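A.B. asks: Quick one: this structure, given as structure tokens, is what I'll be asking you about.
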Amino acid sequence: MSIALVDCDSFYASCERVFRPDLKNRPIVVLSNNDGCVIARSSEAKSMGVKMGVPWFKIKDSYIRKGGIVFSSNFAFYGDMSRRVMNILNSISPKTEVYSIDEAFLDFSGTEKNIGCFDFGLYLKNTVGRWTGIPVRIGIGPTKTLSKIASYQIKKRDIRSRVLVLDNQKDINEALKNTPIGEIWGVGRRLNRKLSMAGIRNALQLSYAPPQDIRKRFSIVLERTVRELNGEKCLDIEDVSPTKKQIVVSRSFAKKITNLEVLNTVINDYVVRAAEKLRSEKQKSSRISVFIRTSPFDANESYRAIKSYSFTCPTDDSRDFLYAVRKILPKIYRPNYRYSKAGIMLSSFSDIGYVQNSLFNERHAYKMDSKLMQVIDELNLNQKQIYIASQNIGRFKPIQRNMISPKYTTRWSDLPIVR
Amino acid sequence: MKINYIGTVIADNLSELMLPYFQDMVHAGFPSPASDFIESPIDLNEYLIKNNAATFLVRVSGKSMVGAGINDGATLIIDRSIKPSHNSIIVAAVDGEFVCRRLKTKPKLCLVAENKGYKPIYINSQINFEVTGLVTSVINQFT
């Protein structure tokens, strides 16, 4: 039994390079929404010492002076390139779990007998590279956790073939020894600290720990990790992606907001976006939370607040969520603060088919007009055409993306030029 | 039997939940004789794109390939999954710029234009050259 993890190398930066052959071997960074922090770095940018998550303004001058290239995030484009990569993986190996925008687990069982895991991995890597222009690395191991470790080792040791198979104990132990605790799949910062205090610093040490002890002292999740490190398969490939448990839309503002009305229109935008996502996932939600906060970097003021509203029955109508925001935002808003970030979260999901029909619905609060929402979604599919009146339409620009690349693959007007 | 009064139900409130079969109209006339022969309409995507994941569209700027029927402003469909060979029309990255040319693998590896005004590009070690994909179709729009 083998599992492969296909991982796109510096995915956003690699996407930016596909239609910019002039950027070959140049350092590239991609910034978060609002051009706040670095969220992706090409290998050249990494070796310049650019750290993940660093605020852009801190490195801007020296990075540009050294010839670095920068992009605002272009998620429409990255999403399309991701779809292409995942489609290829899906067509070659039918049992594929898309784990994130740039990672997928594949079931490689059976290939051992045929062409061998390494050769199949190489074939897969070459196919994705040639067809899409996106470089990938492929870590292969007996469990998901070990395939993640193989992928990490490719990156760390800069293995040229970009494929690593961990299929014997000697190689596995060598890889585990060279993997710090924090790089193990599922070990976060807090767990990292707790384990270090217990004297466990690398994956090999963790693999020696008796699973029962780990379960008692830490958690059942970490026990599973220990078993997976020892080659015991605990996590299967989920070819149907589990439905989301929540949808979050939040942004930092380019310019701080103090006015309640402005804050309200901006938040209404997030609500409409989240409700769109909710409907595309064919879910209904019965809980919305709104949060606002001032800048954490500002020493002079500090305020943060969050409040939720629950519906007695789940809905997917944007207007129901907007109604809730109108109810709760004034309750958490305090004047005279300069807010730097706001967001909303939809949670408590249920399937669209299931609508609890309470006789006691507060009727005014529930629009629940699926047909109307469907029509709006269809009209807005390619270009925003219909807005809800309380949305922020160009009146206030909360997002700054000054250095965004063309939408090469999703807009006729943005097609790459050939001469 | 004990009955508890829990509130009044107004009939109007209930009508919001429509049962689907009321929405279907009953056709009483003679069914269309064409209904047995319905086919899906012609789909250009199906005709022009064989491998969706590997297919990209690009726009032509300039007249380097007019002799091959590729006009200035044309849209090219390129398939990155097909390996080009001698005489294929390809898009390639040459020294950091995309060009569309006819590939010649013999006698010497080079890219030739279909326009007398353009010189062939000979591929040597000084040139940064990479094939992007094979041009499978061209869309020239006249209006």
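The way I read the labels, and the way they are meant: chains A, B, ... in the order of the structure tokens, residue 1 as the first residue of every chain, and ligand 1 as the first ligand shown, with later ones counted on from there.
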Any idea which chain A residues end up within 8 Å of chain B if we count only C-alpha atoms, as a ChimeraX atom specification please?

C.D. replies: /A:20-24,83-85,87-88,127,130-132,359,363,409,415-419

A.B. asks: For Tyr122 in chain B, find every residue with an atom within 8 Å (counting only C-alpha atoms), except residues of its own chain fewer than 3 positions away, and show them as a list in words.

C.D. replies: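 My reading of the contact set: Lys108, Leu109, Cys110 and Leu111 of chain B.
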
A.B. asks: Skipping near chain neighbours, those fewer than 4 positions away, what residues fall within 10 Å of Lys156 in chain A using only C-alpha atoms, listed as a list of chain:residue names?

C.D. replies: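 The contact residues come out as A:Ala150, A:Ser151, A:Tyr152, A:Asn178, A:Thr179.
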
A.B. asks: Using DSSP on the backbone, list every residue of range 14-141 of chain B that comes out as alpha helix (DSSP H), and give them as a list in words.

C.D. replies: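 Across range 14-141 of chain B, those assigned alpha helix (DSSP H) are Leu14, Leu44, Asn45, Glu46, Tyr47 and Leu48 of chain B.
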
A.B. asks: Give the strand (DSSP E) residues of range 181-385 of chain A, as assigned by DSSP on the backbone, as a PDB file with N, CA, C and O atoms, in the first residue's frame.

C.D. replies:
```pdb
ATOM      1  N   ILE A 247     -17.809  28.848   6.749  1.00  0.00           N
ATOM      2  CA  ILE A 247     -17.273  29.710   5.700  1.00  0.00           C
ATOM      3  C   ILE A 247     -16.905  31.039   6.336  1.00  0.00           C
ATOM      4  O   ILE A 247     -17.719  31.641   7.035  1.00  0.00           O
ATOM      5  N   VAL A 248     -15.654  31.443   6.137  1.00  0.00           N
ATOM      6  CA  VAL A 248     -15.192  32.699   6.712  1.00  0.00           C
ATOM      7  C   VAL A 248     -14.826  33.649   5.583  1.00  0.00           C
ATOM      8  O   VAL A 248     -14.166  33.250   4.638  1.00  0.00           O
ATOM      9  N   VAL A 249     -15.277  34.873   5.655  1.00  0.00           N
ATOM     10  CA  VAL A 249     -14.790  35.912   4.753  1.00  0.00           C
ATOM     11  C   VAL A 249     -14.346  37.077   5.624  1.00  0.00           C
ATOM     12  O   VAL A 249     -15.148  37.633   6.373  1.00  0.00           O
ATOM     13  N   SER A 250     -13.057  37.379   5.571  1.00  0.00           N
ATOM     14  CA  SER A 250     -12.564  38.482   6.392  1.00  0.00           C
ATOM     15  C   SER A 250     -11.434  39.172   5.646  1.00  0.00           C
ATOM     16  O   SER A 250     -10.758  38.553   4.842  1.00  0.00           O
ATOM     17  N   ARG A 251     -11.258  40.450   5.892  1.00  0.00           N
ATOM     18  CA  ARG A 251     -10.203  41.208   5.220  1.00  0.00           C
ATOM     19  C   ARG A 251      -9.662  42.271   6.159  1.00  0.00           C
ATOM     20  O   ARG A 251     -10.385  42.802   6.990  1.00  0.00           O
ATOM     21  N   SER A 252      -8.375  42.593   5.963  1.00  0.00           N
ATOM     22  CA  SER A 252      -7.829  43.806   6.573  1.00  0.00           C
ATOM     23  C   SER A 252      -8.120  44.944   5.612  1.00  0.00           C
ATOM     24  O   SER A 252      -8.134  44.746   4.407  1.00  0.00           O
ATOM     25  N   PHE A 253      -8.370  46.102   6.145  1.00  0.00           N
ATOM     26  CA  PHE A 253      -8.666  47.242   5.274  1.00  0.00           C
ATOM     27  C   PHE A 253      -7.386  47.969   4.891  1.00  0.00           C
ATOM     28  O   PHE A 253      -6.453  48.057   5.680  1.00  0.00           O
ATOM     29  N   ALA A 254      -7.391  48.528   3.686  1.00  0.00           N
ATOM     30  CA  ALA A 254      -6.238  49.320   3.264  1.00  0.00           C
ATOM     31  C   ALA A 254      -6.201  50.619   4.066  1.00  0.00           C
ATOM     32  O   ALA A 254      -5.152  51.099   4.453  1.00  0.00           O
ATOM     33  N   LYS A 255      -7.400  51.166   4.298  1.00  0.00           N
ATOM     34  CA  LYS A 255      -7.507  52.398   5.079  1.00  0.00           C
ATOM     35  C   LYS A 255      -8.437  52.110   6.241  1.00  0.00           C
ATOM     36  O   LYS A 255      -9.491  51.491   6.063  1.00  0.00           O
ATOM     37  N   LYS A 256      -8.086  52.551   7.431  1.00  0.00           N
ATOM     38  CA  LYS A 256      -8.897  52.218   8.605  1.00  0.00           C
ATOM     39  C   LYS A 256     -10.274  52.872   8.538  1.00  0.00           C
ATOM     40  O   LYS A 256     -10.447  53.930   7.960  1.00  0.00           O
ATOM     41  N   ILE A 257     -11.252  52.212   9.164  1.00  0.00           N
ATOM     42  CA  ILE A 257     -12.636  52.686   9.108  1.00  0.00           C
ATOM     43  C   ILE A 257     -13.102  53.028  10.520  1.00  0.00           C
ATOM     44  O   ILE A 257     -12.883  52.253  11.454  1.00  0.00           O
ATOM     45  N   GLN A 283     -25.324  24.277   0.724  1.00  0.00           N
ATOM     46  CA  GLN A 283     -25.532  24.175   2.161  1.00  0.00           C
ATOM     47  C   GLN A 283     -26.435  25.302   2.620  1.00  0.00           C
ATOM     48  O   GLN A 283     -26.626  26.286   1.917  1.00  0.00           O
ATOM     49  N   LYS A 284     -26.991  25.122   3.821  1.00  0.00           N
ATOM     50  CA  LYS A 284     -27.672  26.211   4.489  1.00  0.00           C
ATOM     51  C   LYS A 284     -27.029  26.392   5.847  1.00  0.00           C
ATOM     52  O   LYS A 284     -26.479  25.455   6.404  1.00  0.00           O
ATOM     53  N   SER A 285     -27.094  27.591   6.350  1.00  0.00           N
ATOM     54  CA  SER A 285     -26.445  27.876   7.617  1.00  0.00           C
ATOM     55  C   SER A 285     -27.463  28.471   8.578  1.00  0.00           C
ATOM     56  O   SER A 285     -28.379  29.165   8.155  1.00  0.00           O
ATOM     57  N   SER A 286     -27.302  28.182   9.854  1.00  0.00           N
ATOM     58  CA  SER A 286     -28.239  28.780  10.795  1.00  0.00           C
ATOM     59  C   SER A 286     -27.528  29.656  11.821  1.00  0.00           C
ATOM     60  O   SER A 286     -28.068  29.966  12.866  1.00  0.00           O
ATOM     61  N   ARG A 287     -26.284  30.038  11.498  1.00  0.00           N
ATOM     62  CA  ARG A 287     -25.577  30.888  12.449  1.00  0.00           C
ATOM     63  C   ARG A 287     -24.595  31.791  11.714  1.00  0.00           C
ATOM     64  O   ARG A 287     -23.827  31.340  10.871  1.00  0.00           O
ATOM     65  N   ILE A 288     -24.650  33.067  12.028  1.00  0.00           N
ATOM     66  CA  ILE A 288     -23.676  33.999  11.467  1.00  0.00           C
ATOM     67  C   ILE A 288     -22.989  34.748  12.591  1.00  0.00           C
ATOM     68  O   ILE A 288     -23.628  35.131  13.570  1.00  0.00           O
ATOM     69  N   SER A 289     -21.652  34.890  12.481  1.00  0.00           N
ATOM     70  CA  SER A 289     -20.896  35.650  13.473  1.00  0.00           C
ATOM     71  C   SER A 289     -20.224  36.821  12.768  1.00  0.00           C
ATOM     72  O   SER A 289     -19.791  36.693  11.634  1.00  0.00           O
ATOM     73  N   VAL A 290     -20.171  37.941  13.437  1.00  0.00           N
ATOM     74  CA  VAL A 290     -19.528  39.133  12.894  1.00  0.00           C
ATOM     75  C   VAL A 290     -18.423  39.530  13.847  1.00  0.00           C
ATOM     76  O   VAL A 290     -18.625  39.511  15.065  1.00  0.00           O
ATOM     77  N   PHE A 291     -17.236  39.840  13.303  1.00  0.00           N
ATOM     78  CA  PHE A 291     -16.203  40.362  14.196  1.00  0.00           C
ATOM     79  C   PHE A 291     -15.536  41.595  13.605  1.00  0.00           C
ATOM     80  O   PHE A 291     -15.446  41.752  12.388  1.00  0.00           O
ATOM     81  N   ILE A 292     -15.115  42.481  14.481  1.00  0.00           N
ATOM     82  CA  ILE A 292     -14.405  43.699  14.083  1.00  0.00           C
ATOM     83  C   ILE A 292     -13.248  43.893  15.054  1.00  0.00           C
ATOM     84  O   ILE A 292     -13.320  43.464  16.197  1.00  0.00           O
ATOM     85  N   ARG A 293     -12.166  44.479  14.538  1.00  0.00           N
ATOM     86  CA  ARG A 293     -11.080  44.778  15.466  1.00  0.00           C
ATOM     87  C   ARG A 293     -10.219  45.937  14.977  1.00  0.00           C
ATOM     88  O   ARG A 293     -10.193  46.261  13.792  1.00  0.00           O
ATOM     89  N   THR A 294      -9.502  46.548  15.927  1.00  0.00           N
ATOM     90  CA  THR A 294      -8.533  47.588  15.580  1.00  0.00           C
ATOM     91  C   THR A 294      -7.217  46.883  15.271  1.00  0.00           C
ATOM     92  O   THR A 294      -7.085  45.676  15.462  1.00  0.00           O
ATOM     93  N   ARG A 304     -11.544  44.716  20.225  1.00  0.00           N
ATOM     94  CA  ARG A 304     -11.991  43.656  19.348  1.00  0.00           C
ATOM     95  C   ARG A 304     -13.286  43.084  19.905  1.00  0.00           C
ATOM     96  O   ARG A 304     -13.473  43.023  21.122  1.00  0.00           O
ATOM     97  N   ALA A 305     -14.179  42.704  19.001  1.00  0.00           N
ATOM     98  CA  ALA A 305     -15.452  42.179  19.469  1.00  0.00           C
ATOM     99  C   ALA A 305     -16.003  41.203  18.437  1.00  0.00           C
ATOM    100  O   ALA A 305     -15.743  41.318  17.240  1.00  0.00           O
ATOM    101  N   ILE A 306     -16.741  40.234  18.935  1.00  0.00           N
ATOM    102  CA  ILE A 306     -17.378  39.265  18.050  1.00  0.00           C
ATOM    103  C   ILE A 306     -18.765  38.962  18.596  1.00  0.00           C
ATOM    104  O   ILE A 306     -18.956  38.954  19.824  1.00  0.00           O
ATOM    105  N   LYS A 307     -19.734  38.797  17.715  1.00  0.00           N
ATOM    106  CA  LYS A 307     -21.073  38.456  18.162  1.00  0.00           C
ATOM    107  C   LYS A 307     -21.746  37.582  17.119  1.00  0.00           C
ATOM    108  O   LYS A 307     -21.513  37.733  15.922  1.00  0.00           O
ATOM    109  N   SER A 308     -22.575  36.666  17.593  1.00  0.00           N
ATOM    110  CA  SER A 308     -23.241  35.737  16.679  1.00  0.00           C
ATOM    111  C   SER A 308     -24.746  35.905  16.720  1.00  0.00           C
ATOM    112  O   SER A 308     -25.302  36.412  17.685  1.00  0.00           O
ATOM    113  N   TYR A 309     -25.367  35.446  15.642  1.00  0.00           N
ATOM    114  CA  TYR A 309     -26.828  35.461  15.557  1.00  0.00           C
ATOM    115  C   TYR A 309     -27.264  34.085  15.072  1.00  0.00           C
ATOM    116  O   TYR A 309     -26.732  33.572  14.096  1.00  0.00           O
ATOM    117  N   SER A 310     -28.201  33.486  15.765  1.00  0.00           N
ATOM    118  CA  SER A 310     -28.664  32.161  15.347  1.00  0.00           C
ATOM    119  C   SER A 310     -30.057  32.244  14.768  1.00  0.00           C
ATOM    120  O   SER A 310     -30.913  32.961  15.288  1.00  0.00           O
ATOM    121  N   PHE A 311     -30.273  31.524  13.695  1.00  0.00           N
ATOM    122  CA  PHE A 311     -31.592  31.444  13.098  1.00  0.00           C
ATOM    123  C   PHE A 311     -32.277  30.180  13.608  1.00  0.00           C
ATOM    124  O   PHE A 311     -31.602  29.180  13.872  1.00  0.00           O
ATOM    125  N   THR A 312     -33.586  30.207  13.714  1.00  0.00           N
ATOM    126  CA  THR A 312     -34.249  28.990  14.194  1.00  0.00           C
ATOM    127  C   THR A 312     -34.278  27.918  13.109  1.00  0.00           C
ATOM    128  O   THR A 312     -34.395  26.744  13.402  1.00  0.00           O
ATOM    129  N   CYS A 313     -34.175  28.314  11.850  1.00  0.00           N
ATOM    130  CA  CYS A 313     -33.989  27.290  10.834  1.00  0.00           C
ATOM    131  C   CYS A 313     -32.968  27.762   9.806  1.00  0.00           C
ATOM    132  O   CYS A 313     -32.801  28.962   9.597  1.00  0.00           O
ATOM    133  N   PRO A 314     -32.214  26.821   9.220  1.00  0.00           N
ATOM    134  CA  PRO A 314     -31.114  27.190   8.329  1.00  0.00           C
ATOM    135  C   PRO A 314     -31.590  27.903   7.067  1.00  0.00           C
ATOM    136  O   PRO A 314     -32.676  27.615   6.563  1.00  0.00           O
ATOM    137  N   THR A 315     -30.769  28.811   6.553  1.00  0.00           N
ATOM    138  CA  THR A 315     -31.121  29.571   5.361  1.00  0.00           C
ATOM    139  C   THR A 315     -29.893  29.734   4.468  1.00  0.00           C
ATOM    140  O   THR A 315     -28.765  29.526   4.919  1.00  0.00           O
ATOM    141  N   TYR A 339     -11.070  50.974  12.980  1.00  0.00           N
ATOM    142  CA  TYR A 339     -11.081  49.535  12.748  1.00  0.00           C
ATOM    143  C   TYR A 339     -10.190  49.172  11.566  1.00  0.00           C
ATOM    144  O   TYR A 339     -10.206  49.855  10.541  1.00  0.00           O
ATOM    145  N   SER A 340      -9.410  48.091  11.726  1.00  0.00           N
ATOM    146  CA  SER A 340      -8.489  47.718  10.655  1.00  0.00           C
ATOM    147  C   SER A 340      -8.885  46.404   9.992  1.00  0.00           C
ATOM    148  O   SER A 340      -8.372  46.060   8.944  1.00  0.00           O
ATOM    149  N   LYS A 341      -9.794  45.673  10.625  1.00  0.00           N
ATOM    150  CA  LYS A 341     -10.181  44.396  10.040  1.00  0.00           C
ATOM    151  C   LYS A 341     -11.579  44.021  10.476  1.00  0.00           C
ATOM    152  O   LYS A 341     -11.988  44.335  11.594  1.00  0.00           O
ATOM    153  N   ALA A 342     -12.323  43.377   9.588  1.00  0.00           N
ATOM    154  CA  ALA A 342     -13.634  42.861   9.949  1.00  0.00           C
ATOM    155  C   ALA A 342     -13.850  41.565   9.196  1.00  0.00           C
ATOM    156  O   ALA A 342     -13.189  41.298   8.192  1.00  0.00           O
ATOM    157  N   GLY A 343     -14.778  40.764   9.691  1.00  0.00           N
ATOM    158  CA  GLY A 343     -15.047  39.512   8.991  1.00  0.00           C
ATOM    159  C   GLY A 343     -16.356  38.929   9.443  1.00  0.00           C
ATOM    160  O   GLY A 343     -16.952  39.376  10.439  1.00  0.00           O
ATOM    161  N   ILE A 344     -16.819  37.951   8.690  1.00  0.00           N
ATOM    162  CA  ILE A 344     -18.022  37.248   9.105  1.00  0.00           C
ATOM    163  C   ILE A 344     -17.785  35.758   8.939  1.00  0.00           C
ATOM    164  O   ILE A 344     -16.941  35.318   8.163  1.00  0.00           O
ATOM    165  N   MET A 345     -18.528  34.968   9.681  1.00  0.00           N
ATOM    166  CA  MET A 345     -18.427  33.516   9.564  1.00  0.00           C
ATOM    167  C   MET A 345     -19.826  32.914   9.544  1.00  0.00           C
ATOM    168  O   MET A 345     -20.665  33.275  10.373  1.00  0.00           O
ATOM    169  N   LEU A 346     -20.057  32.051   8.596  1.00  0.00           N
ATOM    170  CA  LEU A 346     -21.296  31.283   8.589  1.00  0.00           C
ATOM    171  C   LEU A 346     -20.986  29.899   9.130  1.00  0.00           C
ATOM    172  O   LEU A 346     -19.997  29.293   8.745  1.00  0.00           O
ATOM    173  N   SER A 347     -21.828  29.393  10.031  1.00  0.00           N
ATOM    174  CA  SER A 347     -21.583  28.053  10.566  1.00  0.00           C
ATOM    175  C   SER A 347     -22.911  27.342  10.823  1.00  0.00           C
ATOM    176  O   SER A 347     -23.952  27.827  10.391  1.00  0.00           O
ATOM    177  N   SER A 348     -22.854  26.216  11.538  1.00  0.00           N
ATOM    178  CA  SER A 348     -24.033  25.362  11.788  1.00  0.00           C
ATOM    179  C   SER A 348     -24.743  25.024  10.479  1.00  0.00           C
ATOM    180  O   SER A 348     -25.853  25.457  10.224  1.00  0.00           O
ATOM    181  N   PHE A 349     -24.035  24.274   9.632  1.00  0.00           N
ATOM    182  CA  PHE A 349     -24.560  23.970   8.307  1.00  0.00           C
ATOM    183  C   PHE A 349     -25.533  22.805   8.312  1.00  0.00           C
ATOM    184  O   PHE A 349     -25.482  21.928   9.169  1.00  0.00           O
ATOM    185  N   SER A 350     -26.399  22.798   7.325  1.00  0.00           N
ATOM    186  CA  SER A 350     -27.170  21.583   7.054  1.00  0.00           C
ATOM    187  C   SER A 350     -27.425  21.532   5.557  1.00  0.00           C
ATOM    188  O   SER A 350     -27.308  22.532   4.865  1.00  0.00           O
ATOM    189  N   ASP A 351     -27.748  20.342   5.064  1.00  0.00           N
ATOM    190  CA  ASP A 351     -27.918  20.162   3.617  1.00  0.00           C
ATOM    191  C   ASP A 351     -29.104  20.952   3.107  1.00  0.00           C
ATOM    192  O   ASP A 351     -30.062  21.192   3.811  1.00  0.00           O
TER     193      ASP A 351
END
```

A.B. asks: May I have the residues within 6 Å of His86 in chain B as a VMD selection string, using only C-alpha atoms and disregarding those fewer than 3 positions away in the same chain?

C.D. replies: chain B and resid 103 to 105

A.B. asks: Provide the CA of Cys37 in chain A to CA of Asp269 in chain A distance in Å, to one decimal place.

C.D. replies: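 Pair CA of Cys37 in chain A / CA of Asp269 in chain A returns 22.5 Å.
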
A.B. asks: Record the distance separating CA of Ile172 in chain A and CA of Ile149 in chain A, expressed in Å with one decimal.

C.D. replies: 9.1 Å

A.B. asks: Residues near Gly116 in chain A, anyone? I mean within 12 Å using only C-alpha atoms, not counting same-chain ones fewer than 4 positions away, as an MDAnalysis selection string.

C.D. replies: chainID A and resid 1:2 108:112 120:123 140 165 167
